[in-house]
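Peer 1: Next comes the structure file run16.tsv, holding TSV, C-alpha atoms.
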```
chain	number	residue	atom	x	y	z
A	1	MET	CA	24.21	-46.64	47.98
A	2	GLY	CA	23.95	-49.82	45.90
A	3	TYR	CA	23.40	-53.40	46.95
A	4	ARG	CA	27.14	-54.15	46.72
A	5	ASP	CA	27.92	-51.52	49.34
A	6	ASP	CA	24.96	-52.58	51.48
A	7	ALA	CA	26.22	-56.16	51.46
A	8	LYS	CA	29.57	-55.19	53.02
A	9	ILE	CA	30.12	-55.83	56.73
A	10	ASP	CA	32.00	-53.44	59.01
A	11	ILE	CA	33.64	-55.87	61.42
A	12	TYR	CA	34.49	-53.02	63.79
A	13	ASN	CA	30.82	-52.04	64.19
A	14	LEU	CA	29.05	-55.38	64.39
A	15	HIS	CA	26.34	-54.00	66.69
A	16	THR	CA	25.41	-51.40	64.06
A	17	GLU	CA	25.50	-54.01	61.28
A	18	TRP	CA	23.17	-56.28	63.25
A	19	ALA	CA	20.79	-53.40	63.96
A	20	GLY	CA	20.56	-52.49	60.27
A	21	GLN	CA	20.34	-56.02	58.85
A	22	PRO	CA	16.53	-56.44	59.13
A	23	THR	CA	15.86	-53.05	57.54
A	24	ILE	CA	18.20	-53.74	54.63
A	25	TYR	CA	16.66	-57.17	54.04
A	26	ILE	CA	13.10	-55.80	54.07
A	27	ASP	CA	14.09	-53.00	51.68
A	28	TYR	CA	15.45	-55.41	49.08
A	29	ALA	CA	12.59	-57.84	49.63
A	30	GLU	CA	10.17	-55.01	48.75
A	31	GLN	CA	12.23	-54.14	45.67
A	32	PHE	CA	12.11	-57.79	44.63
A	33	ALA	CA	8.33	-57.87	44.97
A	34	ASP	CA	8.06	-54.71	42.87
A	35	ALA	CA	10.36	-56.26	40.27
A	36	VAL	CA	8.17	-59.37	40.04
A	37	ALA	CA	5.07	-57.20	39.53
A	38	LEU	CA	6.86	-55.12	36.89
A	39	MET	CA	7.97	-58.26	35.07
A	40	MET	CA	4.43	-59.63	35.02
A	41	ARG	CA	3.06	-56.35	33.65
A	42	ALA	CA	5.78	-56.26	30.98
A	43	GLN	CA	4.95	-59.82	29.99
A	44	GLU	CA	1.27	-58.95	29.70
A	45	LYS	CA	2.13	-55.86	27.68
A	46	VAL	CA	3.98	-57.98	25.16
A	47	SER	CA	0.85	-60.07	24.61
A	48	VAL	CA	-1.31	-56.96	24.24
A	49	VAL	CA	1.06	-55.28	21.78
A	50	LYS	CA	1.27	-58.43	19.67
A	51	THR	CA	-2.52	-58.76	19.60
A	52	GLU	CA	-3.00	-55.10	18.72
A	53	GLY	CA	-0.32	-55.32	16.04
A	54	LYS	CA	-1.98	-58.31	14.43
A	55	GLN	CA	-5.31	-56.46	14.44
A	56	ARG	CA	-3.73	-53.44	12.70
A	57	ILE	CA	-2.18	-55.66	10.07
A	58	ASP	CA	-5.41	-57.57	9.51
A	59	GLN	CA	-7.34	-54.32	9.23
A	60	MET	CA	-4.87	-52.93	6.70
A	61	LYS	CA	-5.08	-56.16	4.73
A	62	ALA	CA	-8.88	-55.90	4.60
A	63	GLU	CA	-8.80	-52.28	3.48
A	64	LEU	CA	-6.24	-52.97	0.76
A	65	ASP	CA	-8.07	-56.09	-0.37
A	66	ALA	CA	-11.25	-54.09	-0.92
A	67	SER	CA	-9.41	-51.24	-2.63
A	68	ILE	CA	-7.51	-53.57	-4.95
A	69	ARG	CA	-10.63	-55.45	-5.98
A	70	LEU	CA	-12.45	-52.17	-6.59
A	71	SER	CA	-9.67	-50.58	-8.64
A	72	PRO	CA	-7.19	-53.29	-9.71
A	73	GLN	CA	-5.67	-51.10	-12.42
A	74	VAL	CA	-4.47	-48.63	-9.78
A	75	TYR	CA	-2.34	-51.41	-8.33
A	76	GLY	CA	-1.16	-52.58	-11.78
A	77	LEU	CA	-3.39	-55.64	-11.99
A	78	GLU	CA	-4.96	-56.78	-15.22
A	79	LYS	CA	-6.92	-59.61	-13.66
A	80	VAL	CA	-8.18	-59.96	-10.11
A	81	THR	CA	-7.09	-63.27	-8.65
A	82	GLU	CA	-6.45	-64.31	-5.05
A	83	ASN	CA	-2.71	-64.58	-5.59
A	84	ALA	CA	-2.58	-61.29	-7.44
A	85	VAL	CA	-4.51	-59.50	-4.68
A	86	ALA	CA	-2.35	-61.06	-1.94
A	87	ASN	CA	0.85	-60.00	-3.72
A	88	ALA	CA	-0.50	-56.51	-4.26
A	89	ILE	CA	-1.31	-56.17	-0.56
A	90	ILE	CA	2.25	-57.21	0.46
A	91	ALA	CA	3.77	-54.77	-2.03
A	92	ALA	CA	1.62	-51.83	-0.93
A	93	PRO	CA	3.68	-49.09	0.84
A	94	SER	CA	0.94	-48.51	3.44
A	95	PHE	CA	0.99	-52.20	4.39
A	96	LYS	CA	4.78	-52.20	4.72
A	97	LYS	CA	4.61	-49.13	6.97
A	98	VAL	CA	2.07	-50.77	9.29
A	99	GLN	CA	4.18	-53.92	9.46
A	100	GLU	CA	7.30	-51.93	10.39
A	101	GLU	CA	5.46	-49.98	13.09
A	102	VAL	CA	3.98	-53.12	14.59
A	103	ALA	CA	7.36	-54.89	14.55
A	104	ALA	CA	9.06	-51.90	16.24
A	105	ASN	CA	6.39	-51.76	18.97
A	106	ILE	CA	6.70	-55.47	19.64
A	107	ALA	CA	10.50	-55.31	19.76
A	108	ALA	CA	10.44	-52.40	22.23
A	109	THR	CA	7.92	-54.16	24.43
A	110	VAL	CA	9.87	-57.41	24.39
A	111	GLU	CA	13.01	-55.48	25.40
A	112	GLU	CA	11.13	-53.97	28.33
A	113	HIS	CA	10.08	-57.44	29.37
A	114	ILE	CA	13.65	-58.74	29.12
A	115	GLN	CA	14.93	-55.91	31.31
A	116	ALA	CA	12.14	-56.52	33.80
A	117	VAL	CA	13.05	-60.21	33.98
A	118	ARG	CA	16.71	-59.34	34.44
A	119	ASN	CA	15.90	-56.90	37.24
A	120	LYS	CA	13.70	-59.48	38.94
A	121	GLU	CA	16.39	-62.16	38.72
A	122	LEU	CA	19.01	-59.75	40.03
A	123	LEU	CA	16.93	-58.68	43.01
A	124	GLU	CA	16.07	-62.26	43.77
A	125	GLY	CA	19.81	-62.97	43.98
A	126	VAL	CA	20.34	-59.86	46.10
A	127	LYS	CA	17.60	-60.96	48.49
A	128	VAL	CA	19.26	-64.35	48.85
A	129	GLY	CA	22.60	-62.60	49.25
A	130	PHE	CA	21.34	-60.66	52.25
A	131	SER	CA	20.21	-63.91	53.81
A	132	HIS	CA	23.84	-65.03	53.47
A	133	ARG	CA	24.88	-61.68	54.97
A	134	LYS	CA	22.93	-62.58	58.09
A	135	SER	CA	24.85	-65.86	58.34
A	136	ALA	CA	28.12	-64.00	57.78
A	137	LEU	CA	27.27	-61.60	60.61
A	138	GLU	CA	26.63	-64.55	62.91
A	139	LYS	CA	30.03	-66.00	62.06
A	140	GLU	CA	31.75	-62.64	62.57
A	141	VAL	CA	30.18	-62.35	66.01
A	142	GLU	CA	31.34	-65.88	66.88
A	143	LEU	CA	34.88	-65.00	65.82
A	144	PHE	CA	34.76	-61.84	67.91
A	145	LEU	CA	33.50	-63.66	71.00
A	146	ASN	CA	36.17	-66.34	70.57
A	147	GLY	CA	38.91	-63.70	70.60
A	148	TYR	CA	39.74	-63.80	66.88
A	149	TYR	CA	40.19	-60.02	66.79
A	150	ALA	CA	42.04	-59.79	70.12
A	151	ASP	CA	45.77	-59.10	70.47
A	152	PRO	CA	47.98	-62.15	69.84
A	153	LYS	CA	48.58	-64.28	72.94
A	154	ILE	CA	51.99	-65.80	73.71
A	155	PRO	CA	51.72	-69.50	74.61
A	156	LYS	CA	52.53	-70.21	78.27
A	157	SER	CA	55.13	-72.84	77.36
A	158	TYR	CA	56.98	-70.35	75.16
A	159	LYS	CA	56.94	-67.71	77.89
A	160	GLU	CA	58.33	-70.18	80.43
A	161	GLU	CA	61.03	-71.29	78.01
A	162	ARG	CA	62.12	-67.73	77.32
A	163	THR	CA	62.09	-66.95	81.07
A	164	GLN	CA	64.42	-69.88	81.74
A	165	GLU	CA	66.79	-68.74	78.99
A	166	VAL	CA	66.89	-65.22	80.38
A	167	ARG	CA	67.46	-66.52	83.95
A	168	LYS	CA	70.33	-68.75	82.80
A	169	GLY	CA	71.90	-65.84	80.96
A	170	ILE	CA	71.74	-63.64	84.06
A	171	GLU	CA	73.18	-66.38	86.26
A	172	ALA	CA	76.05	-66.95	83.84
A	173	SER	CA	76.82	-63.24	83.79
A	174	LEU	CA	76.82	-63.11	87.61
A	175	GLU	CA	79.14	-66.13	87.84
A	176	GLY	CA	81.55	-64.47	85.43
A	177	MET	CA	81.56	-61.27	87.48
A	178	GLU	CA	82.17	-63.19	90.73
A	179	LYS	CA	85.07	-65.08	89.15
A	180	ARG	CA	86.71	-61.85	88.03
A	181	VAL	CA	86.33	-60.40	91.55
A	182	VAL	CA	87.89	-63.51	93.10
A	183	ASP	CA	90.80	-63.39	90.65
A	184	LEU	CA	91.47	-59.78	91.51
A	185	GLY	CA	91.27	-60.55	95.21
A	186	GLN	CA	93.88	-63.27	94.82
A	187	GLY	CA	96.22	-60.90	93.02
A	188	HIS	CA	95.83	-62.32	89.53
A	189	SER	CA	94.95	-60.37	86.49
A	190	PRO	CA	92.48	-61.80	84.02
A	191	GLY	CA	95.45	-62.59	81.78
A	192	GLY	CA	97.16	-64.73	84.46
A	193	ASN	CA	99.81	-62.18	85.53
A	194	HIS	CA	100.45	-61.87	89.28
A	195	ILE	CA	99.40	-58.58	90.78
A	196	ALA	CA	100.20	-57.63	94.36
A	197	VAL	CA	97.12	-56.66	96.22
A	198	ASP	CA	98.98	-53.91	98.03
A	199	SER	CA	99.87	-52.37	94.67
A	200	ILE	CA	96.18	-51.91	93.84
A	201	PRO	CA	94.92	-48.51	94.88
A	202	SER	CA	92.64	-48.77	97.88
A	203	GLU	CA	89.69	-47.37	95.99
A	204	ASN	CA	90.07	-50.14	93.37
A	205	ARG	CA	90.68	-53.03	95.82
A	206	PRO	CA	87.90	-55.64	96.07
A	207	LEU	CA	85.70	-55.17	99.05
A	208	ARG	CA	86.06	-57.76	101.82
A	209	ARG	CA	83.52	-58.59	104.41
A	210	ARG	CA	84.71	-57.59	107.90
A	211	ARG	CA	84.63	-60.25	110.53
A	212	PRO	CA	82.85	-59.29	113.70
A	213	GLY	CA	85.34	-57.70	116.12
A	214	SER	CA	88.16	-57.51	113.57
A	215	ALA	CA	90.05	-54.34	112.74
A	216	GLU	CA	89.08	-52.33	109.71
A	217	GLY	CA	90.51	-53.82	106.56
A	218	SER	CA	91.21	-57.25	108.14
A	219	GLU	CA	89.35	-60.42	107.32
```
Please lay out the structure from this file as structure tokens.
Peer 2:
Amino acid sequence: MGYRDDAKIDIYNLHTEWAGQPTIYIDYAEQFADAVALMMRAQEKVSVVKTEGKQRIDQMKAELDASIRLSPQVYGLEKVTENAVANAIIAAPSFKKVQEEVAANIAATVEEHIQAVRNKELLEGVKVGFSHRKSALEKEVELFLNGYYADPKIPKSYKEERTQEVRKGIEASLEGMEKRVVDLGQGHSPGGNHIAVDSIPSENRPLRRRRPGSAEGSE
């Protein structure tokens, strides 16, 4: 798992995230320390390779200088002069080979140093990032404790308002039903036509409250 995945926070397992935070931070802190050491060694290696390369070149120059002065005709020289010897050294295939080898070694070592610096800078940023992760965890816990992840709550004023609306609707419906019952009891149809109460079948007649001591069916 890479540092990007390690930096993620599972908001549904905050206790686990908190428990693992110190271990993760220490792990990347150790990697950062190793990266710093590697960078310093790579930087030192660059200096060593450059010094050794210069020594090889100087040694080759000395050997060619002696050889040219001893046998100038082999190198196509008619007269031995300082400029002629210097030019002959530069043109010698063996000198060119040493120069190319030294340049390649230096380039490879410098590239190693660059990568070491990059890795160190990256891990330094990661280490700082996990410090921010700790702050993020603290904020997530605060949100959780303040009910941010709880079910939505309906404001009390809204609930009371809706209750009043529902109550008024029920009362209006009941009033309408009572009015229709009264109209039927008075022998009027909802459309205004007169209807004799006696013509309404007994099972469909409106119920009337019996007065104490009255006969059945009387008011």
Peer 1: Which residues come within 12 Å of A:Val98, counting all atoms listed in the file, excluding same-chain residues fewer than 3 positions away, as a PyMOL selection string?
Peer 2: chain A and resi 52-61+89-90+92-95+101-105
Peer 1: Using all atoms listed in the file, which of the listed residues (A:Asn146, A:Gly76, A:Ala62, A:Phe32) sits closest to A:Glu121?
Peer 2: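 Between A:Asn146, A:Gly76, A:Ala62, A:Phe32, the residue approaching A:Glu121 most closely is A:Phe32.
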Peer 1: With distances taken over only C-alpha atoms, which residue among A:Leu143, A:Val126, A:Val110, A:Leu137 lies nearest A:Gln43?
Peer 2: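 The answer is A:Val110, which sits nearest to A:Gln43.
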Peer 1: Within 9 Å of A:Ala7, counting all atoms listed in the file, which residues show up once you throw out same-chain ones fewer than 4 positions away? Write them as a PyMOL selection string, please.
Peer 2: chain A and resi 2-3+24+126+129-130+133
Peer 1: Those residues with C-alpha atoms, as a CSV table (one decimal), in the frame of the given file please?
Peer 2:
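The resulting file, part-v7.csv, is shown below:
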```csv
chain,number,residue,atom,x,y,z
A,2,GLY,CA,24.0,-49.8,45.9
A,3,TYR,CA,23.4,-53.4,47.0
A,24,ILE,CA,18.2,-53.7,54.6
A,126,VAL,CA,20.3,-59.9,46.1
A,129,GLY,CA,22.6,-62.6,49.2
A,130,PHE,CA,21.3,-60.7,52.2
A,133,ARG,CA,24.9,-61.7,55.0
```
Peer 1: With only C-alpha atoms as the basis for distance, which of A:Met40, A:Ala136, A:Leu70, A:Ile26 is at the shortest distance from A:Val117?
Peer 2: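 For A:Val117, the nearest of the given residues is A:Met40.
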Peer 1: Env of stretch 64-68 of chain A: 8 Å cut, atoms = only C-alpha atoms, seq-sep filter 4 positions within chain, self excluded. Answer as a list in words.
Peer 2: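 Counting only C-alpha atoms, the residues come to Met60, Pro72, Val74, Tyr75, Val85, Ala86, Ala88 and Ile89 of chain A.
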Peer 1: As an exercise, work out the distance from atom CA of A:Tyr25 to atom CA of A:Ser131 in Å and give it to one decimal place.
Peer 2: 7.6 Å
Peer 1: Please report the interatomic distance between atom CA of A:Ile114 and atom CA of A:Asp27 in Å with one decimal.
Peer 2: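 A separation of 23.3 Å between them.
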Peer 1: What's the separation between atom CA of A:His132 and atom CA of A:Ile9, in Å to one decimal place?
Peer 2: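 Atom CA of A:Ile9 lies at a distance of 11.6 Å from atom CA of A:His132.
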Peer 1: As a CSV table (one decimal) with C-alpha atoms, keeping the file's coordinate frame, please: the residues near A:Asp34 (cut-off 9 Å, all atoms listed in the file, same-chain neighbours under 5 positions excluded).
Peer 2:
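Heads up, here's the output in selection38.csv:
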```csv
chain,number,residue,atom,x,y,z
A,29,ALA,CA,12.6,-57.8,49.6
A,39,MET,CA,8.0,-58.3,35.1
A,120,LYS,CA,13.7,-59.5,38.9
```
Peer 1: Calculated over all atoms listed in the file, which of the candidates A:Tyr28, A:Val46, A:Ile170, A:Gln21 has the smallest distance to A:Ala107?
Peer 2: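 Smallest distance to A:Ala107 is found for A:Val46.
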Peer 1: Pick out the closest residue to A:Ser47 from this set: A:Glu124, A:Thr109, A:Ala116, A:Thr163. Count only C-alpha atoms.
Peer 2: A:Thr109
